[in-house]
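Below you'll find the structure, written out as structure tokens, and then a few comments.
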Amino acid sequence: MTNLTPLNKTSEKRRTQFFKNIKKAVNQNNLSHEQKQNLCKQEAAYQKFKYQPDALSEEQRLAQFKEILASQSALFYECASEELAEKLEELLKEHSDENEILIGKNSDVEKFGLTKSETINFIEVESFEKNKENYNLTSALTTAFAAASETGTLFLSSGPENPTWLNYLAKCHFVLLDKSTLCQTYEQAFELGRKQQESTNQPFPPRSINMISGPSRTADIEQTLTLGAHGPIELIILIYSSKENASEN
Amino acid sequence: MSNQTFEKQVIDQSSFKERAHEALVDEKLQQALSVIPSGFVGKRSKAKAAFPEFSELSDQAVRIKNHTLANIEQYLEQFEAAVQKSGGQVHFAPKPEDALEIIEEISKSKGAKIIAKGKTMVGEEIGLTHFLEKKGYETVETDLGEYLIQLRGEMPSHIIAPAVHLTRDNIRKDFIKTHKNLAKDRTLETPADFVKEARHILREKFINADIGITGANFLVAETGSSIIVTNEGNGDLCQSLPKTHIVIASLEKLVPTLEDASILLRLLARSATGQSISTYTTFATGPRREIDTSGPEEFHVVLLDNGRSEMLGSEFAEMLRCIRCGACLNHCPVYQNLGGHAYGTVYPGPMGSVLSPHYFGEKAKDLPFASSFCGRCNEVCPMQIPLTKLMRKLRERPQTKRTLFAKTTMFAWSQLAKRPKLYNLALKAFLPLLSIATKQSWLMEKVPGVKAWSKHRSLPKIAKTSFQEAWVKEKKSRKKHKELNGVKHD
Ligand code: SF4
């Protein structure tokens, strides 16, 4: 937590000046009757608006999600939760020369018995400064709390199980996504996040919400799209359906 | 920092006309600029077409920003309180010097040596990198485009693609000169070669940085979050690895809620790069919490005014809706031909022509003239900012002084245009002369105002008679023709 430095004289003066300028500006706006009416109308329309595209079925959401992610160069695999361990082993072999994979503390991977794998060496990490030596490892695995099919976007939150830096330093980023959390819009994904935080008595939003929609890229060299600018060169999404969820739905 | 240094870094002292001339004859630049129409323009139009809700969301986006600006005081206070609640701190900076001082104070108190910087246009506006370097901090631009121009000591030439003016030849030379530890005969051919090398070099900086500075695309009042949007992931490394995170942003970045931010995000990437969303969008809210094992220990937001409050209370308030998508630059024929440096400030194109005179005053006074008023910028702006109307207003301001020649010519023209008979008489007298002159280029160069035009292009041949005269003749001949035909048919 930041040790809040009490406002010193200069910063207090700056703050006062800042708000004084704003007040002056706001008072200068002498609007005509017509402009005022127009503003009122705009205000009512602003308050009323809700982004509600035609609702998609679960199947349609999945199809949209897959299609968009593929166009954004992400890889996508679907399996049952019991098959996750096997799938991960297979993919790791395919995409990395190392058998190590970075994970956060109490990560979801334990829930699915992934850590029992004999071929994968899971390395549990915390803060970056404590685990600096691992920064050049090839693979990391984190979990998404939701996804939005509208733009093929994963939603991840910070926390001990998902140290944010893991999403950006590895060359190959694996993300676990529970199929039942695949929403259609950003608003729905946020709502899900809000509920999850509330259920664990944590404030919403968490320190960091990371929306990820593909591997890292740049077009800064002559406008040519190139993958793996600073972050992962590969984004591999493992979407799983668990029996629990299936019966719930 | 002295005012002079500050100005040198964020604004060029020569005139727009001089810089435009240089840009037009710079072959390398022209080659680099040629990709803009096929790149940004084509991609945006596809992305918009694939998203039928675009116009509806654009209307709401305008309302969001208008609502926020109308209640800005309340939202500033709400934002400040929310940041404090999450354990962070907001610093208010009326002027660029204030923002620089605040950032320096924080850096000093942390004993920082290396600062990793994400892309921030507000940072560019206040000359932040240059300032920190002068103060002795190793300050590294981590956005690839920004890094490329940092190596050259240049200003960005585009608000979302700062190095769009550079070709691979330029970059190869800079890399070989700067990355001295790497083999001289290494291959630097494909874009991937360059990206790999930059990734390798900048990684070292990231992991050793004491402070990370980012900008913000939006600030959310209800949660105290700062939102950044990147494709590279550099901004995220800046805000997740170092122990201190400083956000530098301007006051108009505020939006009331996460839902409002979601609406704007849907327009931003589509208008900017033609993606439906950028690869990474991150909401950062305060420093590391008790349950967290990682993340920065300190979170500071520096809020800049620098002329914005003045705009807010003026007829230019609409400009504060700008979300810096760059669409108006990409579609502007002046920008497409000259690139960003010709504008001489860090904000080029139509948006810059309106903003820069407000932020940099007198020095940018000729920018509202850097437009042909074709109006494409108005059409493509997702925030529906009437850019040409605002440029016109700026042209009319008393502080936008015109040259005596321009003033006299415009006056004479307006007098003629109001009197059609006089206009026709003048034209009749002038046209034959002009028609002869266009055949003799040496003669044309003597005509005031024409030399600048004919230097880079050939003048079209001018007809001996005016359009009006020709039209009267044509009408007569058509009538005759009709009569003749009519006789035949009968
Ligand atoms: S003025 Fe409009 S088009 Fe130009 S950068 Fe701002 S929001 Fe984009």
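Chain labels follow the order of the structure tokens: the first chain is A, the next B, and so on; residue numbering restarts at 1 in every chain, and ligands are counted from 1 in their shown order.
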Around ligand 1, which protein and nucleic acid residues have at least one atom no more than 8 Å from it, if we count only C-alpha atoms and all ligand atoms? List them as number ranges by chain. B: 159, 268, 271-272, 319, 321-329, 349-351, 377-378, 380-385, 387
The selected residues should be written to file as a PDB file, in the first residue's frame (atoms: N, CA and C atoms).
```pdb
ATOM      1  N   ILE B 159       0.144   9.867 -33.421  1.00  0.00           N
ATOM      2  CA  ILE B 159      -0.177   9.656 -32.013  1.00  0.00           C
ATOM      3  C   ILE B 159      -0.314   8.181 -31.635  1.00  0.00           C
ATOM      4  N   LEU B 268     -12.488   2.752 -29.779  1.00  0.00           N
ATOM      5  CA  LEU B 268     -11.080   3.161 -29.863  1.00  0.00           C
ATOM      6  C   LEU B 268     -10.265   2.318 -30.848  1.00  0.00           C
ATOM      7  N   SER B 271     -11.356   2.438 -34.512  1.00  0.00           N
ATOM      8  CA  SER B 271     -11.032   3.685 -35.197  1.00  0.00           C
ATOM      9  C   SER B 271      -9.529   3.852 -35.377  1.00  0.00           C
ATOM     10  N   ALA B 272      -8.770   3.273 -34.467  1.00  0.00           N
ATOM     11  CA  ALA B 272      -7.325   3.503 -34.477  1.00  0.00           C
ATOM     12  C   ALA B 272      -6.607   2.579 -35.455  1.00  0.00           C
ATOM     13  N   MET B 319     -13.519  19.675 -28.240  1.00  0.00           N
ATOM     14  CA  MET B 319     -12.253  19.008 -28.551  1.00  0.00           C
ATOM     15  C   MET B 319     -11.814  18.088 -27.406  1.00  0.00           C
ATOM     16  N   ARG B 321     -13.402  15.938 -26.061  1.00  0.00           N
ATOM     17  CA  ARG B 321     -13.953  14.574 -26.201  1.00  0.00           C
ATOM     18  C   ARG B 321     -12.942  13.628 -26.853  1.00  0.00           C
ATOM     19  N   CYS B 322     -11.906  14.174 -27.452  1.00  0.00           N
ATOM     20  CA  CYS B 322     -10.963  13.370 -28.245  1.00  0.00           C
ATOM     21  C   CYS B 322     -10.401  12.189 -27.449  1.00  0.00           C
ATOM     22  N   ILE B 323     -10.442  10.988 -28.054  1.00  0.00           N
ATOM     23  CA  ILE B 323      -9.887   9.810 -27.376  1.00  0.00           C
ATOM     24  C   ILE B 323      -8.546   9.393 -28.001  1.00  0.00           C
ATOM     25  N   ARG B 324      -7.964  10.280 -28.810  1.00  0.00           N
ATOM     26  CA  ARG B 324      -6.636  10.050 -29.397  1.00  0.00           C
ATOM     27  C   ARG B 324      -6.569   8.745 -30.203  1.00  0.00           C
ATOM     28  N   CYS B 325      -7.568   8.552 -31.054  1.00  0.00           N
ATOM     29  CA  CYS B 325      -7.561   7.322 -31.850  1.00  0.00           C
ATOM     30  C   CYS B 325      -6.697   7.471 -33.095  1.00  0.00           C
ATOM     31  N   GLY B 326      -6.515   8.700 -33.549  1.00  0.00           N
ATOM     32  CA  GLY B 326      -5.665   8.928 -34.722  1.00  0.00           C
ATOM     33  C   GLY B 326      -6.378   8.800 -36.059  1.00  0.00           C
ATOM     34  N   ALA B 327      -7.672   8.500 -36.049  1.00  0.00           N
ATOM     35  CA  ALA B 327      -8.386   8.325 -37.328  1.00  0.00           C
ATOM     36  C   ALA B 327      -8.330   9.595 -38.168  1.00  0.00           C
ATOM     37  N   CYS B 328      -8.435  10.755 -37.505  1.00  0.00           N
ATOM     38  CA  CYS B 328      -8.439  12.004 -38.283  1.00  0.00           C
ATOM     39  C   CYS B 328      -7.087  12.235 -38.960  1.00  0.00           C
ATOM     40  N   LEU B 329      -6.009  11.766 -38.350  1.00  0.00           N
ATOM     41  CA  LEU B 329      -4.693  11.898 -38.981  1.00  0.00           C
ATOM     42  C   LEU B 329      -4.636  11.004 -40.218  1.00  0.00           C
ATOM     43  N   GLY B 349      -1.801  16.429 -37.378  1.00  0.00           N
ATOM     44  CA  GLY B 349      -3.083  16.187 -38.043  1.00  0.00           C
ATOM     45  C   GLY B 349      -4.167  17.133 -37.562  1.00  0.00           C
ATOM     46  N   PRO B 350      -5.403  16.870 -37.978  1.00  0.00           N
ATOM     47  CA  PRO B 350      -6.500  17.774 -37.613  1.00  0.00           C
ATOM     48  C   PRO B 350      -6.666  17.953 -36.097  1.00  0.00           C
ATOM     49  N   MET B 351      -6.579  16.855 -35.336  1.00  0.00           N
ATOM     50  CA  MET B 351      -6.750  17.017 -33.884  1.00  0.00           C
ATOM     51  C   MET B 351      -5.656  17.924 -33.311  1.00  0.00           C
ATOM     52  N   CYS B 377     -11.938  14.354 -41.793  1.00  0.00           N
ATOM     53  CA  CYS B 377     -11.693  14.169 -40.352  1.00  0.00           C
ATOM     54  C   CYS B 377     -13.008  14.189 -39.574  1.00  0.00           C
ATOM     55  N   ASN B 378     -13.898  15.117 -39.938  1.00  0.00           N
ATOM     56  CA  ASN B 378     -15.189  15.186 -39.228  1.00  0.00           C
ATOM     57  C   ASN B 378     -15.948  13.876 -39.390  1.00  0.00           C
ATOM     58  N   VAL B 380     -14.820  10.794 -39.963  1.00  0.00           N
ATOM     59  CA  VAL B 380     -14.286   9.574 -39.354  1.00  0.00           C
ATOM     60  C   VAL B 380     -14.144   9.658 -37.835  1.00  0.00           C
ATOM     61  N   CYS B 381     -14.276  10.840 -37.270  1.00  0.00           N
ATOM     62  CA  CYS B 381     -14.051  10.971 -35.823  1.00  0.00           C
ATOM     63  C   CYS B 381     -15.143  10.250 -35.032  1.00  0.00           C
ATOM     64  N   PRO B 382     -14.763   9.230 -34.246  1.00  0.00           N
ATOM     65  CA  PRO B 382     -15.784   8.482 -33.504  1.00  0.00           C
ATOM     66  C   PRO B 382     -16.439   9.329 -32.420  1.00  0.00           C
ATOM     67  N   MET B 383     -15.771  10.426 -32.040  1.00  0.00           N
ATOM     68  CA  MET B 383     -16.326  11.283 -31.001  1.00  0.00           C
ATOM     69  C   MET B 383     -17.076  12.479 -31.592  1.00  0.00           C
ATOM     70  N   GLN B 384     -17.274  12.414 -32.914  1.00  0.00           N
ATOM     71  CA  GLN B 384     -18.063  13.421 -33.642  1.00  0.00           C
ATOM     72  C   GLN B 384     -17.616  14.855 -33.346  1.00  0.00           C
ATOM     73  N   ILE B 385     -16.321  15.048 -33.329  1.00  0.00           N
ATOM     74  CA  ILE B 385     -15.788  16.397 -33.082  1.00  0.00           C
ATOM     75  C   ILE B 385     -15.772  17.153 -34.420  1.00  0.00           C
ATOM     76  N   LEU B 387     -14.080  18.981 -36.379  1.00  0.00           N
ATOM     77  CA  LEU B 387     -12.703  19.492 -36.420  1.00  0.00           C
ATOM     78  C   LEU B 387     -12.538  20.704 -37.333  1.00  0.00           C
TER      79      LEU B 387
END
```
At a cut-off of 8 Å, using only C-alpha atoms, what residues contact Gln223 (chain A)? Leave out same-chain residues fewer than 5 positions from it and give the result as a PyMOL selection string. chain B and resi 35+39+164
Enumerate the residues of region 331-475 of chain B with a DSSP assignment of alpha helix (DSSP H), computed from the backbone, and present them as a PyMOL selection string. chain B and resi 333-338+349-360+376-380+387-396+404-417+420-439+441-444+451-454+467-475
At what distance in Å, to one decimal, does CA of Gly104 (chain A) lie from CA of Ser117 (chain A)? 16.6 Å
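Counting only C-alpha atoms and comparing A:Ala170, A:Leu141, A:Leu177, A:Leu238, the residue that lies closest to chain B is A:Ala170.
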How many Å separate CA of Leu320 (chain B) from CA of Glu252 (chain B)?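 Computing it gives 6.1 Å between the two atoms.
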Could you pull the residues within 9 Å of Phe76 (chain A), counting only C-alpha atoms, minus those fewer than 6 positions along the same chain, as a ChimeraX atom specification? /A:66,69-70,235-239
So which one's closest to Ser15 (chain B), B:Pro94, B:Pro357, B:Gly375, B:Gly344? Using only C-alpha atoms, please. B:Gly344
Taking only region 98-286 of chain B into account, list the residues labelled strand (DSSP E or B) by DSSP (computed from the backbone), as JSON, numbers by chain. {"B": [114, 115, 116, 117, 138, 139, 140, 141, 211, 212, 213, 214, 218, 219, 220, 225, 226, 227, 228, 229, 230, 244, 245, 246, 247, 248, 249, 250, 254, 255, 280, 281, 282, 283, 284]}
Using only C-alpha atoms, which protein or nucleic acid residues come within 10 Å of Phe112 (chain A)? Drop anything in the same chain fewer than 2 positions from it, and give the result as a ChimeraX atom specification. /A:81-85,107-110,114-116,242
Selection to disk with all heavy atoms, as a compact mmCIF listing (two decimals), in the first residue's frame:
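again.txt, freshly written:
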```
# COMPACT_ATOMS: atom_id res chain seq x y z
N SER A 81 -12.73 -31.12 -17.90
CA SER A 81 -11.75 -30.77 -16.88
C SER A 81 -10.84 -31.95 -16.53
O SER A 81 -9.67 -31.76 -16.22
CB SER A 81 -12.44 -30.23 -15.63
OG SER A 81 -13.35 -31.17 -15.15
N GLU A 82 -11.37 -33.18 -16.62
CA GLU A 82 -10.53 -34.34 -16.29
C GLU A 82 -9.40 -34.54 -17.31
O GLU A 82 -8.41 -35.19 -17.02
CB GLU A 82 -11.34 -35.65 -16.24
CG GLU A 82 -12.60 -35.63 -15.43
CD GLU A 82 -13.78 -35.13 -16.26
OE1 GLU A 82 -14.29 -35.87 -17.11
OE2 GLU A 82 -14.14 -33.95 -16.04
N GLU A 83 -9.60 -34.00 -18.49
CA GLU A 83 -8.59 -34.22 -19.53
C GLU A 83 -7.52 -33.12 -19.56
O GLU A 83 -6.59 -33.15 -20.36
CB GLU A 83 -9.26 -34.25 -20.91
CG GLU A 83 -10.22 -35.39 -21.10
CD GLU A 83 -11.21 -35.11 -22.23
OE1 GLU A 83 -11.16 -34.02 -22.83
OE2 GLU A 83 -12.03 -35.99 -22.50
N LEU A 84 -7.70 -32.13 -18.68
CA LEU A 84 -6.80 -30.98 -18.74
C LEU A 84 -5.33 -31.34 -18.60
O LEU A 84 -4.49 -30.84 -19.35
CB LEU A 84 -7.17 -29.96 -17.64
CG LEU A 84 -8.24 -28.93 -17.99
CD1 LEU A 84 -8.57 -28.08 -16.77
CD2 LEU A 84 -7.77 -28.03 -19.13
N ALA A 85 -5.06 -32.22 -17.61
CA ALA A 85 -3.66 -32.56 -17.33
C ALA A 85 -3.00 -33.13 -18.58
O ALA A 85 -1.90 -32.70 -18.98
CB ALA A 85 -3.59 -33.55 -16.19
N SER A 107 -3.02 -21.90 -7.29
CA SER A 107 -3.63 -21.74 -8.60
C SER A 107 -4.68 -22.83 -8.83
O SER A 107 -4.64 -23.90 -8.22
CB SER A 107 -2.53 -21.82 -9.64
OG SER A 107 -3.06 -22.17 -10.86
N ASP A 108 -5.59 -22.53 -9.71
CA ASP A 108 -6.65 -23.47 -10.07
C ASP A 108 -6.11 -24.82 -10.53
O ASP A 108 -6.83 -25.81 -10.49
CB ASP A 108 -7.47 -22.88 -11.23
CG ASP A 108 -8.75 -22.27 -10.74
OD1 ASP A 108 -8.93 -22.22 -9.51
OD2 ASP A 108 -9.55 -21.82 -11.58
N VAL A 109 -4.86 -24.80 -10.97
CA VAL A 109 -4.31 -26.04 -11.53
C VAL A 109 -4.39 -27.19 -10.54
O VAL A 109 -4.57 -28.34 -10.91
CB VAL A 109 -2.85 -25.88 -12.01
CG1 VAL A 109 -2.77 -24.97 -13.20
CG2 VAL A 109 -1.96 -25.43 -10.92
N GLU A 110 -4.29 -26.83 -9.26
CA GLU A 110 -4.34 -27.90 -8.25
C GLU A 110 -5.72 -28.56 -8.23
O GLU A 110 -5.86 -29.76 -8.07
CB GLU A 110 -4.03 -27.33 -6.87
CG GLU A 110 -2.55 -27.18 -6.69
CD GLU A 110 -2.18 -26.43 -5.43
OE1 GLU A 110 -2.97 -26.45 -4.47
OE2 GLU A 110 -1.11 -25.80 -5.44
N LEU A 114 -3.68 -31.07 -11.83
CA LEU A 114 -2.63 -30.85 -12.82
C LEU A 114 -1.25 -31.01 -12.20
O LEU A 114 -0.32 -31.53 -12.81
CB LEU A 114 -2.73 -29.45 -13.42
CG LEU A 114 -3.91 -29.17 -14.32
CD1 LEU A 114 -3.86 -27.75 -14.85
CD2 LEU A 114 -3.90 -30.13 -15.50
N THR A 115 -1.15 -30.55 -10.94
CA THR A 115 0.17 -30.55 -10.31
C THR A 115 0.70 -31.97 -10.07
O THR A 115 1.86 -32.14 -9.74
CB THR A 115 0.13 -29.77 -8.99
OG1 THR A 115 -1.12 -30.00 -8.38
CG2 THR A 115 0.32 -28.28 -9.21
N LYS A 116 -0.18 -32.95 -10.22
CA LYS A 116 0.29 -34.33 -10.03
C LYS A 116 1.05 -34.84 -11.25
O LYS A 116 1.63 -35.91 -11.22
CB LYS A 116 -0.91 -35.24 -9.74
CG LYS A 116 -1.48 -35.03 -8.35
CD LYS A 116 -2.46 -36.14 -8.01
CE LYS A 116 -3.37 -35.70 -6.87
NZ LYS A 116 -4.74 -35.43 -7.33
N SER A 242 -16.59 -28.43 -16.80
CA SER A 242 -16.55 -29.39 -15.70
C SER A 242 -17.94 -29.96 -15.51
O SER A 242 -18.93 -29.33 -15.82
CB SER A 242 -16.06 -28.70 -14.43
OG SER A 242 -16.76 -27.50 -14.27
```
Report as a PDB file with N, CA and C atoms, in the first residue's frame all protein, DNA and RNA residues lying within 6 Å of Leu227 (chain A), evaluated on only C-alpha atoms, omitting residues in the same chain fewer than 2 positions from it.
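See out36.pdb below for the written result:
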```
ATOM      1  N   SER A 216       1.070 -11.016 -27.929  1.00  0.00           N
ATOM      2  CA  SER A 216       1.612  -9.662 -28.068  1.00  0.00           C
ATOM      3  C   SER A 216       2.000  -9.392 -29.524  1.00  0.00           C
ATOM      4  N   ARG A 217       1.828  -8.169 -29.981  1.00  0.00           N
ATOM      5  CA  ARG A 217       2.125  -7.846 -31.386  1.00  0.00           C
ATOM      6  C   ARG A 217       2.537  -6.393 -31.556  1.00  0.00           C
ATOM      7  N   ALA A 229       5.984  -8.945 -29.461  1.00  0.00           N
ATOM      8  CA  ALA A 229       6.737  -7.701 -29.290  1.00  0.00           C
ATOM      9  C   ALA A 229       7.455  -7.689 -27.941  1.00  0.00           C
ATOM     10  N   ILE A 233       4.607 -14.775 -27.374  1.00  0.00           N
ATOM     11  CA  ILE A 233       4.532 -14.961 -28.825  1.00  0.00           C
ATOM     12  C   ILE A 233       3.356 -15.876 -29.126  1.00  0.00           C
TER      13      ILE A 233
END
```
Give me the residues within 12 Å of region 175-181 of chain B as a PyMOL selection string, counting only C-alpha atoms and dropping any in the same chain fewer than 4 places off. chain B and resi 147-152+168-171+185-189+193-198+200-202
Find the residue from B:Ala49, B:Leu484, B:Val122, B:Ile106 that sits nearest to chain A; use only C-alpha atoms when measuring. B:Ile106
Applying 9 Å and only C-alpha atoms, which residues near Asn29 (chain A) remain after dropping the ones on its own chain fewer than 5 positions away? List them as a ChimeraX atom specification. /B:312-314
Restricting it to N, CA and C atoms, dump the selection as a compact mmCIF listing (two decimals), in the first residue's frame.
```txt
# COMPACT_ATOMS: atom_id res chain seq x y z
N LEU B 312 -12.26 24.08 -21.80
CA LEU B 312 -13.54 23.64 -21.25
C LEU B 312 -14.54 24.79 -21.18
N GLY B 313 -14.03 25.96 -20.83
CA GLY B 313 -14.93 27.10 -20.71
C GLY B 313 -15.04 27.89 -22.00
N SER B 314 -14.66 27.31 -23.11
CA SER B 314 -14.65 28.08 -24.36
C SER B 314 -15.43 27.36 -25.44
```
Measuring between only C-alpha atoms, which one of A:Asn201, A:Thr142, A:Ser127, A:Ser158 shows the shortest distance to chain B?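 When distances to chain B are compared using only C-alpha atoms, the smallest one comes from A:Ser127.
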Between CA of Met391 (chain B) and CA of Ile263 (chain B), what is the distance, to one decimal in Å?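 Distance reported for this atom pair: 27.6 Å.
If only C-alpha atoms are the atoms counted, then among B:Ala112, B:Val247, B:Ala23, B:Met311 the closest residue to chain A is B:Met311.
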